[in-house]
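Student: Pasting a structure below so you can have a look.
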Protein chains: 2
Amino acid sequence: MRLASPTIVEVAKRAGVSISTVSRCLNHPDKVGKKTLQRVRKVIDDINFSPNALAQSFRRGKTNIILVVVHEIGSGLLSEVVGGIRSVLDGRYAVILTESRPDAAQPASFIEMLVAKQVEGVILLCSVPPFSRKIIELNKARNLPIVIGLEPLSDELRKLPSVHIDNFAAASEATAYLIGLGHRRIAFVSGPRQSYVTLDRERGFVAAMADAGLDGSNVHYADLSVNGGINAANDILAGAPPSAIFCANDDMALGVMSAAARRGLSIPDALSVLGFDDMRYAAIANPPLSTVAQPAREIGIHAARRLLDAIDNPDEPGRQTEILQHRLVIRSSTGRGPG
Amino acid sequence: MRLASPTIVEVAKRAGVSISTVSRCLNHPDKVGKKTLQRVRKVIDDINFSPNALAQSFRRGKTNIILVVVHEIGSGLLSEVVGGIRSVLDGRYAVILTESRPDAAQPASFIEMLVAKQVEGVILLCSVPPFSRKIIELNKARNLPIVIGLEPLSDELRKLPSVHIDNFAAASEATAYLIGLGHRRIAFVSGPRQSYVTLDRERGFVAAMADAGLDGSNVHYADLSVNGGINAANDILAGAPPSAIFCANDDMALGVMSAAARRGLSIPDALSVLGFDDMRYAAIANPPLSTVAQPAREIGIHAARRLLDAIDNPDEPGRQTEILQHRLVIRSSTGRGPG
DNA sequence: ACGATATGTGAAAACGTTGCCATTCACAAG
DNA sequence: CTTGTGAATGGCAACGTTTTCACATATCGT
């Protein structure tokens with residue numbers, strides 16, 4: 001049977017003081033007499049009292065909790081971003097995470113509301129419905145501070161502060177790099193069409209191809225997973241194969257490399273593969289994967305700072321989107337093309 | 001300026017009913033007159049009221065939140081486990097996550113307490129201090145239901161329900177497999193000494209080597225990361241190199257493969273590498289990594305069920321540790337040894 | 001030794017809900 | 001026309017804390 005936890009009242013009784021005094025001992029110990037403090041502390045220790053956090057939060061109207069929403073936790077990139085976030089928030093706020101990927105086919109509705117309102121701010125690391133939509137409502141209705149990280153703004157999110165790289169520019173630079181290497185036939189493996197990140201990257205690719213007078217229509221859609229990359233590669237390689245494949249993220253690039261290896265294509269001699277994100281395993285892939293790096297930790301840090309701003313000055317809209325620098329990192333999965 | 005959110009009182013006033021009635025409309029709509037219900041709902045809609053979750057939780061003494069503690073989110077294995085957990089908890093509870101890795105050199109104390117007490121149960125996916133210690137205290141003091149997943153019990157956790165594989169048996173089977181392949185000189189890359197998981201695996205390795213009359217003393221310690229694997233491999237390969245390296249997790253195995261590749265060692269011809277966990281990228285490593293698979297999703301599912309049990313029957317201790325089946329998955333990073 | 005100022009303490013009012021109990025009212029059965 | 005029943009509603013206490021205010025007592029300068 002769950003024991004009823006002792007309350008402040010119990011402590012007061014045993015210590016022979018008033019409730020207020022106990023509360024003071026907890027929150028403003030300097031305002032309490034030395035002897036009293038000692039006595040109260042002793043009691044607290046004796047009966048193993050600790051204040052009911054729910055009651056505290058309720059009374060104070062403050063939880064000191066920040067929520068970070070990710071689509072799914074198993075990504076090294078997110079881990080970095082979260083590390084950045086925590087590096088600025090830890091100590092001031094408890095950082096909790098929640099996944100937005102639906103698992104059971106649940107309405108995904110009331111539960112998030114519940115979570116969201118116990119929270120003083122939200123960092124969205126995934127800008128996709130339906131979860132985000134709920135959060136936005138909260139933002140509007142309750143003035144819940146929100147910042148978006150990693151992903152550019154979808155239309156409905158247009159008004160929110162955000163921190164990310166210029167995915168369009170990055171993808172087009174990367175494409176230009178491939179072209180510079182002599183590649184002429186380049187395929188692009190994009191992500192789901194509702195993802196603004198990959199959409200930007202796709203547009204960057206297309207634009208760079210057009211700039212060079214090349215055909216940028218060889219675009220395939222996958223689900224950002226390794227398997228998606230494998231499938232896309234099989235599709236692409238079945239036809240007249242390009243000399244390079246540029247993927248909207250590293251997972252798919254790894255999938256492509258795997259599929260290529262299975263077909264006996266040597267990388268980068270027969271096929272160049274370029275990824276995006278520079279996630280943890282890119283550097284030790286075989287061969288090491290060329291990719292475009294996002295400053296993940298920085299993104300986390302900036303996002304957290306923006307959130308702090310938003311919390312401290314609830315009225316100001318705050319600067320809007322903040323663009324951080326990407327970096328093309330060239331390893332061994334890309335080589336000279338036939339051109 | 002943050003608007004004060006409208007309360008149930010405001011709604012009552014506008015709808016010309018009592019507070020109780022509004023509350024009833026929210027919680028037991030069937031017990032309210034049709035017309036009244038309609039009217040109240042209209043007001044709720046008009047002024048965009050939604051109940052203060054903090055007050056609700058406080059009053060009900062219930063938050064409907066389950067906390068999952070992981071060391072760091074960036075792991076595909078954890079992602080699976082969490083998927084399993086959510087598949088049973090979603091809808092009934094909101095599942096939130098928190099990392100135990102310290103970031104700022106913060107006392108890691110009060111914040112977790114705060115979080116922990118707003119929560120109705122905890123699944124620990126990392127059994128290491130200091131975080132877990134706090135949680136255990138809570139468990140003792142408040143009867144907070146806890147279950148450990150993925151990791152065996154440390155001494156202080158001995159009393160808690162847990163769900164994991166038999167790491168000792170798995171490691172010793174895997175070692176036996178390597179020996180069966182003809183390997184005689186086998187190195188083991190273990191994890192930090194305070195980790196019970198890797199300790200069990202290490203003991204399994206040592207025992208299997210001893211059983212076969214081989215020298216099981218070639219054990220190196222690393223930090224479970226890719227880089228740790230690389231460093232360990234460099235150490236190991238500098239001396240008289242073994243014909244196989246067995247790693248306590250896949251990340252390190254990937255690191256070992258990468259270091260080996262850099263040295264021009266071909267896998268599995270010159271060196272067999274065996275991992276542990278079967279994380280997402282093991283299958284598409286080059287060559288694909290042999291490893292021992294944990295039923296990650298299952299572990300999550302079982303852990304969640306155990307937690308539900310513990311919540312529903314707070315008195316019963318519940319069956320203690322639950323062992324799930326591991327599976328040796330043989331891919332291409334292991335081959336015949338010189339023996 | 002006097003009023004003035006600290007200092008320590010307690011009483012009581014919140015915070016926004018929920019749920020028990022009492023009340024009212026309409027209507028059916030007697 | 002009374003009485004009993006059930007449905008719909010309102011009043012109010014409670015949940016455990018924090019905080020304001022007032023009060024008592026100790027400390028100080030002169």
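Residues are named by chain letter and number: chains run A, B, ... in the order of the structure tokens, numbers start at 1 in each chain, and ligands are numbered from 1 in the order shown.
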Show me, as a PyMOL selection string, the residues that have an atom within 10 Å of DT25 in chain D when counting only C-alpha atoms (C1' of nucleotides), minus same-chain residues fewer than 5 positions from it.

Tutor: chain C and resi 7-9

Student: Selection from above, N, CA, C and O atoms (P, O5', C5', C4', C3', O3' and C1' of nucleotides), as a compact mmCIF listing (two decimals), in the first residue's frame, can you write it?

Tutor:
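Wrote result_1.txt, looks like this:
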```txt
# COMPACT_ATOMS: atom_id res chain seq x y z
P DT C 7 18.21 42.27 11.22
O5' DT C 7 17.28 41.23 11.97
C5' DT C 7 17.59 40.84 13.32
C4' DT C 7 16.49 39.96 13.82
C3' DT C 7 16.18 38.77 12.92
O3' DT C 7 16.55 37.61 13.63
C1' DT C 7 14.21 39.76 13.78
P DG C 8 16.51 36.19 12.93
O5' DG C 8 15.14 35.61 13.47
C5' DG C 8 15.04 35.35 14.88
C4' DG C 8 13.60 35.02 15.21
C3' DG C 8 13.05 33.80 14.47
O3' DG C 8 12.73 32.84 15.47
C1' DG C 8 11.53 35.63 14.37
P DT C 9 12.07 31.48 15.01
O5' DT C 9 10.55 31.84 14.85
C5' DT C 9 9.74 31.92 16.02
C4' DT C 9 8.35 32.39 15.66
C3' DT C 9 7.51 31.38 14.88
O3' DT C 9 6.77 30.63 15.83
C1' DT C 9 7.13 33.66 14.23
```

Student: Please determine the contact residues of chain B with respect to chain D at a cut-off of 9 Å, counting only C-alpha atoms (C1' of nucleotides), and supply them as a PyMOL selection string.

Tutor: chain B and resi 17-21+31-33+58-61

Student: Could you list the residues in chain B lying within 6 Å of chain A, using only C-alpha atoms, and format the result as a PyMOL selection string?

Tutor: chain B and resi 1+54-55+58+73-76+79+87+94+96-98+103-104+111+258+284+286+314-315

Student: Using only C-alpha atoms (C1' of nucleotides), what table do you get, as CSV, when you list each residue of chain C with an atom no more than 8 Å from chain B, its nearest pair of atoms, and their distance in Å rounded to one decimal, rows by chain then rising number?

Tutor:
```
residue,atom,partner,partner_atom,distance
C:DG16,C1',B:Ala55,CA,5.3
C:DT17,C1',B:Gln56,CA,5.4
C:DT18,C1',B:Arg59,CA,6.7
```

Student: Taking the chain letters and numbering used in this document, name the residues of range 95-314 of chain A that DSSP puts in strand (DSSP E), as a VMD selection string.

Tutor: chain A and resid 95 to 99 121 to 124 146 to 149 162 to 165 186 to 190 219 to 221 244 to 247 272 to 274 291 to 293

Student: Which distance in Å separates CA of Val11 in chain B and CA of Val40 in chain B, to one decimal?

Tutor: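 Rounded to one decimal, the two atoms are 7.2 Å apart.
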
Student: Can you list, as a PyMOL selection string, all residues belonging to range 219-324 of chain B that DSSP tags as helix (DSSP H, G or I)?

Tutor: chain B and resi 226-238+250-262+296-312

Student: Save the residues we just selected, C-alpha atoms, as an mmCIF file, in the first residue's frame?

Tutor:
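The resulting file, part06.cif, is reproduced below:
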```
data_model
loop_
_atom_site.group_PDB
_atom_site.id
_atom_site.type_symbol
_atom_site.label_atom_id
_atom_site.label_comp_id
_atom_site.auth_asym_id
_atom_site.auth_seq_id
_atom_site.Cartn_x
_atom_site.Cartn_y
_atom_site.Cartn_z
ATOM 1 C CA VAL B 226 33.358 4.462 -31.458
ATOM 2 C CA ASN B 227 36.457 6.372 -30.536
ATOM 3 C CA GLY B 228 36.998 4.169 -27.561
ATOM 4 C CA GLY B 229 36.927 1.227 -29.956
ATOM 5 C CA ILE B 230 39.423 2.870 -32.242
ATOM 6 C CA ASN B 231 41.833 3.529 -29.405
ATOM 7 C CA ALA B 232 41.440 0.056 -28.000
ATOM 8 C CA ALA B 233 42.057 -1.436 -31.424
ATOM 9 C CA ASN B 234 45.202 0.597 -31.843
ATOM 10 C CA ASP B 235 46.456 -0.664 -28.507
ATOM 11 C CA ILE B 236 45.585 -4.226 -29.261
ATOM 12 C CA LEU B 237 46.912 -4.242 -32.786
ATOM 13 C CA ALA B 238 50.180 -2.626 -31.757
ATOM 14 C CA ASP B 250 28.624 -2.423 -31.481
ATOM 15 C CA ASP B 251 29.884 1.117 -31.353
ATOM 16 C CA MET B 252 33.263 -0.051 -30.204
ATOM 17 C CA ALA B 253 33.200 -2.867 -32.752
ATOM 18 C CA LEU B 254 32.604 -0.324 -35.474
ATOM 19 C CA GLY B 255 35.514 1.650 -34.137
ATOM 20 C CA VAL B 256 37.676 -1.447 -34.175
ATOM 21 C CA MET B 257 36.703 -2.160 -37.751
ATOM 22 C CA SER B 258 37.490 1.363 -38.732
ATOM 23 C CA ALA B 259 40.902 1.248 -37.074
ATOM 24 C CA ALA B 260 41.616 -2.101 -38.646
ATOM 25 C CA ALA B 261 40.625 -0.843 -42.070
ATOM 26 C CA ARG B 262 42.923 2.107 -41.640
ATOM 27 C CA ALA B 296 15.254 -4.345 -27.651
ATOM 28 C CA ARG B 297 11.636 -3.713 -28.426
ATOM 29 C CA GLU B 298 10.610 -6.702 -26.366
ATOM 30 C CA ILE B 299 12.613 -5.469 -23.472
ATOM 31 C CA GLY B 300 10.752 -2.196 -23.653
ATOM 32 C CA ILE B 301 7.417 -3.914 -23.824
ATOM 33 C CA HIS B 302 8.104 -6.160 -20.893
ATOM 34 C CA ALA B 303 9.534 -3.375 -18.818
ATOM 35 C CA ALA B 304 6.476 -1.259 -19.422
ATOM 36 C CA ARG B 305 4.192 -4.112 -18.456
ATOM 37 C CA ARG B 306 6.111 -4.681 -15.299
ATOM 38 C CA LEU B 307 5.771 -1.035 -14.480
ATOM 39 C CA LEU B 308 2.042 -1.144 -15.029
ATOM 40 C CA ASP B 309 1.921 -4.106 -12.687
ATOM 41 C CA ALA B 310 3.889 -2.268 -10.093
ATOM 42 C CA ILE B 311 1.635 0.745 -10.345
ATOM 43 C CA ASP B 312 -1.536 -1.251 -10.120
#
```

Student: Ser290 in chain B: which residues within 8 Å, counting only C-alpha atoms (C1' of nucleotides), same-chain residues fewer than 3 positions away excluded, as a VMD selection string?

Tutor: chain B and resid 273 to 275 282 328 to 334

Student: Would you compute the distance between CA of Ile66 in chain A and CA of Leu199 in chain A? Give it in Å to one decimal.

Tutor: 29.0 Å

Student: Take CA of Leu26 in chain A and C1' of DG10 in chain C and report the distance between them in Å, one decimal.

Tutor: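 C1' of DG10 in chain C lies 16.5 Å from CA of Leu26 in chain A.
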
Student: I'd like the contact shell of Asp211 in chain B - 10 Å cut-off, only C-alpha atoms (C1' of nucleotides), skipping same-chain residues fewer than 5 positions apart - returned as number ranges by chain.

Tutor: B: 172, 176, 205-206, 216

Student: Suppose we keep N, CA, C and O atoms; can you now write the selection as a PDB file, in the first residue's frame?

Tutor:
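Output (out.pdb):
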```pdb
ATOM      1  N   SER B 172      29.346 -15.460 -23.395  1.00  0.00           N
ATOM      2  CA  SER B 172      30.154 -16.674 -23.417  1.00  0.00           C
ATOM      3  C   SER B 172      29.804 -17.539 -24.631  1.00  0.00           C
ATOM      4  O   SER B 172      30.679 -18.138 -25.243  1.00  0.00           O
ATOM      5  N   ALA B 176      32.360 -18.626 -27.480  1.00  0.00           N
ATOM      6  CA  ALA B 176      32.468 -20.019 -27.901  1.00  0.00           C
ATOM      7  C   ALA B 176      32.365 -20.135 -29.429  1.00  0.00           C
ATOM      8  O   ALA B 176      33.057 -20.937 -30.059  1.00  0.00           O
ATOM      9  N   PHE B 205      32.940 -13.666 -21.385  1.00  0.00           N
ATOM     10  CA  PHE B 205      34.085 -13.902 -22.274  1.00  0.00           C
ATOM     11  C   PHE B 205      35.174 -14.683 -21.555  1.00  0.00           C
ATOM     12  O   PHE B 205      35.658 -15.716 -22.032  1.00  0.00           O
ATOM     13  N   VAL B 206      35.530 -14.198 -20.379  1.00  0.00           N
ATOM     14  CA  VAL B 206      36.615 -14.821 -19.624  1.00  0.00           C
ATOM     15  C   VAL B 206      36.284 -16.286 -19.328  1.00  0.00           C
ATOM     16  O   VAL B 206      37.120 -17.180 -19.501  1.00  0.00           O
ATOM     17  N   GLY B 216      42.240 -15.858 -21.451  1.00  0.00           N
ATOM     18  CA  GLY B 216      41.198 -14.828 -21.538  1.00  0.00           C
ATOM     19  C   GLY B 216      41.598 -13.530 -20.876  1.00  0.00           C
ATOM     20  O   GLY B 216      40.744 -12.777 -20.418  1.00  0.00           O
TER      21      GLY B 216
END
```
